[in-house]
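Q: Quick one, data-v3.cif (mmCIF, C-alpha atoms):
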```cif
data_work
#
loop_
_atom_site.group_PDB
_atom_site.id
_atom_site.type_symbol
_atom_site.label_atom_id
_atom_site.label_comp_id
_atom_site.auth_asym_id
_atom_site.auth_seq_id
_atom_site.Cartn_x
_atom_site.Cartn_y
_atom_site.Cartn_z
ATOM 1 C CA MET A 236 21.918 4.893 -20.210
ATOM 2 C CA SER A 237 20.337 1.455 -20.550
ATOM 3 C CA ASP A 238 17.229 0.355 -18.632
ATOM 4 C CA GLU A 239 19.374 -1.951 -16.487
ATOM 5 C CA GLU A 240 21.626 0.947 -15.457
ATOM 6 C CA GLN A 241 18.644 3.107 -14.405
ATOM 7 C CA PHE A 242 17.288 0.645 -11.825
ATOM 8 C CA GLN A 243 19.000 -0.668 -8.715
ATOM 9 C CA LEU A 244 18.134 -3.778 -6.742
ATOM 10 C CA THR A 245 16.097 -2.905 -3.646
ATOM 11 C CA ASN A 246 15.662 -5.402 -0.810
ATOM 12 C CA ARG A 247 13.654 -3.154 1.486
ATOM 13 C CA ILE A 248 11.375 -0.149 1.073
ATOM 14 C CA GLU A 249 10.995 2.225 4.013
ATOM 15 C CA MET A 250 7.981 4.535 4.164
ATOM 16 C CA ARG A 251 6.859 7.404 6.380
ATOM 17 C CA ILE A 252 3.154 7.939 7.120
ATOM 18 C CA GLY A 253 1.776 11.231 5.830
ATOM 19 C CA SER A 254 -1.922 10.749 6.545
ATOM 20 C CA VAL A 255 -4.458 8.073 7.490
ATOM 21 C CA GLU A 256 -8.144 8.260 6.624
ATOM 22 C CA TYR A 257 -10.871 5.930 7.910
ATOM 23 C CA GLN A 258 -13.462 5.364 5.185
ATOM 24 C CA VAL A 259 -16.926 3.791 5.262
ATOM 25 C CA ASP A 260 -18.843 3.165 2.038
ATOM 26 C CA ALA A 261 -22.333 4.605 2.576
ATOM 27 C CA SER A 262 -24.109 2.016 0.437
ATOM 28 C CA THR A 263 -22.353 -1.155 1.651
ATOM 29 C CA ALA A 264 -20.952 -0.097 5.063
ATOM 30 C CA ALA A 265 -17.577 -1.512 3.942
ATOM 31 C CA GLU A 266 -14.737 -0.154 6.085
ATOM 32 C CA SER A 267 -11.196 0.633 4.975
ATOM 33 C CA LEU A 268 -8.154 2.695 5.848
ATOM 34 C CA ALA A 269 -6.567 4.890 3.158
ATOM 35 C CA ILE A 270 -2.944 5.675 3.996
ATOM 36 C CA LYS A 271 -0.657 8.080 2.137
ATOM 37 C CA LEU A 272 3.031 7.379 2.633
ATOM 38 C CA SER A 273 6.247 8.992 1.435
ATOM 39 C CA LEU A 274 9.131 6.748 0.461
ATOM 40 C CA VAL A 275 12.289 7.075 2.529
ATOM 41 C CA THR A 276 14.591 4.665 0.670
ATOM 42 C CA ILE A 277 13.422 5.652 -2.821
ATOM 43 C CA ALA A 278 13.743 9.309 -3.808
ATOM 44 C CA ARG A 279 10.732 11.298 -5.032
ATOM 45 C CA GLY A 280 8.220 8.537 -4.487
ATOM 46 C CA SER A 281 5.018 7.910 -2.601
ATOM 47 C CA CYS A 282 2.677 5.052 -1.777
ATOM 48 C CA LEU A 283 -1.096 4.851 -1.600
ATOM 49 C CA MET A 284 -2.081 1.988 0.710
ATOM 50 C CA SER A 285 -5.528 0.548 1.312
ATOM 51 C CA ILE A 286 -6.155 -1.678 4.345
ATOM 52 C CA LYS A 287 -9.469 -3.482 4.721
ATOM 53 C CA PRO A 288 -10.968 -6.509 6.455
ATOM 54 C CA GLN A 289 -11.188 -9.754 4.500
ATOM 55 C CA ALA A 290 -14.583 -10.807 3.197
ATOM 56 C CA GLN A 291 -13.987 -14.337 4.526
ATOM 57 C CA GLN A 292 -12.538 -14.944 7.967
ATOM 58 C CA HIS A 293 -8.915 -16.101 7.783
ATOM 59 C CA ARG A 294 -6.142 -15.898 10.342
ATOM 60 C CA SER A 295 -3.547 -14.596 7.903
ATOM 61 C CA PHE A 296 -2.817 -11.371 6.092
ATOM 62 C CA CYS A 297 -2.907 -10.961 2.324
ATOM 63 C CA GLY A 298 -1.491 -8.099 0.311
ATOM 64 C CA THR A 299 -0.182 -6.833 -2.987
ATOM 65 C CA LEU A 300 2.395 -4.231 -3.883
ATOM 66 C CA LYS A 301 2.276 -2.713 -7.359
ATOM 67 C CA ILE A 302 5.378 -0.777 -8.420
ATOM 68 C CA PRO A 303 4.819 0.739 -11.878
ATOM 69 C CA LEU A 304 7.873 1.616 -13.952
ATOM 70 C CA ASP A 305 6.231 4.677 -15.514
ATOM 71 C CA ARG A 306 5.101 6.421 -12.271
ATOM 72 C CA ASN A 307 6.629 7.142 -8.884
ATOM 73 C CA VAL A 308 3.495 6.114 -6.943
ATOM 74 C CA ILE A 309 3.402 2.624 -5.437
ATOM 75 C CA GLU A 310 -0.025 1.071 -4.855
ATOM 76 C CA ALA A 311 -0.403 -1.292 -1.901
ATOM 77 C CA THR A 312 -3.396 -3.268 -0.662
ATOM 78 C CA VAL A 313 -3.633 -5.277 2.547
ATOM 79 C CA GLU A 314 -6.505 -7.479 3.688
ATOM 80 C CA MET A 315 -6.685 -8.885 7.208
ATOM 81 C CA SER A 316 -9.147 -10.524 9.545
ATOM 82 C CA GLN A 317 -11.912 -8.342 10.973
ATOM 83 C CA ASN A 318 -10.460 -8.810 14.480
ATOM 84 C CA ALA A 319 -7.024 -7.554 13.400
ATOM 85 C CA PHE A 320 -8.556 -4.658 11.477
#
```
Mind turning this structure into structure tokens?
A:
Amino acid sequence: MSDEEQFQLTNRIEMRIGSVEYQVDASTAAESLAIKLSLVTIARGSCLMSIKPQAQQHRSFCGTLKIPLDRNVIEATVEMSQNAF
């Protein structure tokens, strides 16, 4: 089976929350949320998401989604304004 036959086009990824942990760094007092999610639309996968306030105040959200080909764990990061956090 070729690499192209192994992967299907995905327009949307649905996830279910497994756990949420509020974290505070003791040395810097930096806050974040660590969320573990299971994938609904992709079999045998999970996602580790980190949500934290932006260092500079902006009104928008910023994020990244890393989907490695060699692992079934997606890594997501989201930064938002302190007020939204």
Q: Would you list the contacts of A:Leu283 as JSON, numbers by chain, taking every protein, DNA or RNA residue within 12 Å and counting all atoms listed in the file, but skipping same-chain residues closer than 6 positions in sequence?
A: {"A": [250, 251, 252, 253, 254, 255, 256, 268, 269, 270, 271, 272, 273, 274, 299, 300, 301, 302, 307, 308, 309, 310, 311, 312, 313]}
Q: Would you put the residues from that selection into a file with C-alpha atoms, as a PDB file, in the frame of the given file?
A:
```
ATOM      1  CA  MET A 250       7.981   4.535   4.164  1.00  0.00           C
ATOM      2  CA  ARG A 251       6.859   7.404   6.380  1.00  0.00           C
ATOM      3  CA  ILE A 252       3.154   7.939   7.120  1.00  0.00           C
ATOM      4  CA  GLY A 253       1.776  11.231   5.830  1.00  0.00           C
ATOM      5  CA  SER A 254      -1.922  10.749   6.545  1.00  0.00           C
ATOM      6  CA  VAL A 255      -4.458   8.073   7.490  1.00  0.00           C
ATOM      7  CA  GLU A 256      -8.144   8.260   6.624  1.00  0.00           C
ATOM      8  CA  LEU A 268      -8.154   2.695   5.848  1.00  0.00           C
ATOM      9  CA  ALA A 269      -6.567   4.890   3.158  1.00  0.00           C
ATOM     10  CA  ILE A 270      -2.944   5.675   3.996  1.00  0.00           C
ATOM     11  CA  LYS A 271      -0.657   8.080   2.137  1.00  0.00           C
ATOM     12  CA  LEU A 272       3.031   7.379   2.633  1.00  0.00           C
ATOM     13  CA  SER A 273       6.247   8.992   1.435  1.00  0.00           C
ATOM     14  CA  LEU A 274       9.131   6.748   0.461  1.00  0.00           C
ATOM     15  CA  THR A 299      -0.182  -6.833  -2.987  1.00  0.00           C
ATOM     16  CA  LEU A 300       2.395  -4.231  -3.883  1.00  0.00           C
ATOM     17  CA  LYS A 301       2.276  -2.713  -7.359  1.00  0.00           C
ATOM     18  CA  ILE A 302       5.378  -0.777  -8.420  1.00  0.00           C
ATOM     19  CA  ASN A 307       6.629   7.142  -8.884  1.00  0.00           C
ATOM     20  CA  VAL A 308       3.495   6.114  -6.943  1.00  0.00           C
ATOM     21  CA  ILE A 309       3.402   2.624  -5.437  1.00  0.00           C
ATOM     22  CA  GLU A 310      -0.025   1.071  -4.855  1.00  0.00           C
ATOM     23  CA  ALA A 311      -0.403  -1.292  -1.901  1.00  0.00           C
ATOM     24  CA  THR A 312      -3.396  -3.268  -0.662  1.00  0.00           C
ATOM     25  CA  VAL A 313      -3.633  -5.277   2.547  1.00  0.00           C
TER      26      VAL A 313
END
```
Q: What is the atom CA of A:Ile286 to atom CA of A:Ser267 distance in Å?
A: 5.6 Å
Q: I'd like the neighbourhood of A:Arg306 as a CSV table (one decimal) with C-alpha atoms, keeping the file's coordinate frame, where a residue qualifies if any of its atoms comes within 12 Å (using only C-alpha atoms), though same-chain residues fewer than 5 positions away should be ignored.
A:
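Final output, saved to around38.csv:
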```csv
chain,number,residue,atom,x,y,z
A,279,ARG,CA,10.7,11.3,-5.0
A,280,GLY,CA,8.2,8.5,-4.5
A,281,SER,CA,5.0,7.9,-2.6
A,282,CYS,CA,2.7,5.1,-1.8
A,301,LYS,CA,2.3,-2.7,-7.4
```
Q: So that I can check the surroundings of A:Met315, please list as an MDAnalysis selection string every protein, DNA and RNA residue that reaches within 12 Å of it, counting all atoms listed in the file and ignoring chain neighbours fewer than 5 positions away.
A: chainID A and resid 266:268 285:298 320
Q: Go ahead and write the selection's residues with C-alpha atoms as a JSON list (two decimals), in the coordinates of the input.
A:
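What ended up in out.json:
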```
[["chain", "number", "residue", "atom", "x", "y", "z"],
["A", 266, "GLU", "CA", -14.74, -0.15, 6.08],
["A", 267, "SER", "CA", -11.20, 0.63, 4.97],
["A", 268, "LEU", "CA", -8.15, 2.70, 5.85],
["A", 285, "SER", "CA", -5.53, 0.55, 1.31],
["A", 286, "ILE", "CA", -6.16, -1.68, 4.34],
["A", 287, "LYS", "CA", -9.47, -3.48, 4.72],
["A", 288, "PRO", "CA", -10.97, -6.51, 6.46],
["A", 289, "GLN", "CA", -11.19, -9.75, 4.50],
["A", 290, "ALA", "CA", -14.58, -10.81, 3.20],
["A", 291, "GLN", "CA", -13.99, -14.34, 4.53],
["A", 292, "GLN", "CA", -12.54, -14.94, 7.97],
["A", 293, "HIS", "CA", -8.91, -16.10, 7.78],
["A", 294, "ARG", "CA", -6.14, -15.90, 10.34],
["A", 295, "SER", "CA", -3.55, -14.60, 7.90],
["A", 296, "PHE", "CA", -2.82, -11.37, 6.09],
["A", 297, "CYS", "CA", -2.91, -10.96, 2.32],
["A", 298, "GLY", "CA", -1.49, -8.10, 0.31],
["A", 320, "PHE", "CA", -8.56, -4.66, 11.48]]
```
Q: Translate the PyMOL selection byres ((chain A and resi 276) around 8) into a concrete residue list for this structure, as a VMD selection string.
A: chain A and resid 247 to 250 274 to 275 277 to 278
Q: Give me, please, the distance in Å between atom CA of A:Ser316 and atom CA of A:Ala265, quoted to one decimal.
A: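 It comes out at 13.6 Å.
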Q: Hey, can I get the axis-aligned box for stretch 310-319 of chain A? All listed atoms, 6 Å padding on each side, centre and edge lengths in Å to one decimal, as JSON.
A:
```
{"center_x": -6.0, "center_y": -4.7, "center_z": 4.8, "size_x": 23.9, "size_y": 23.6, "size_z": 31.3}
```
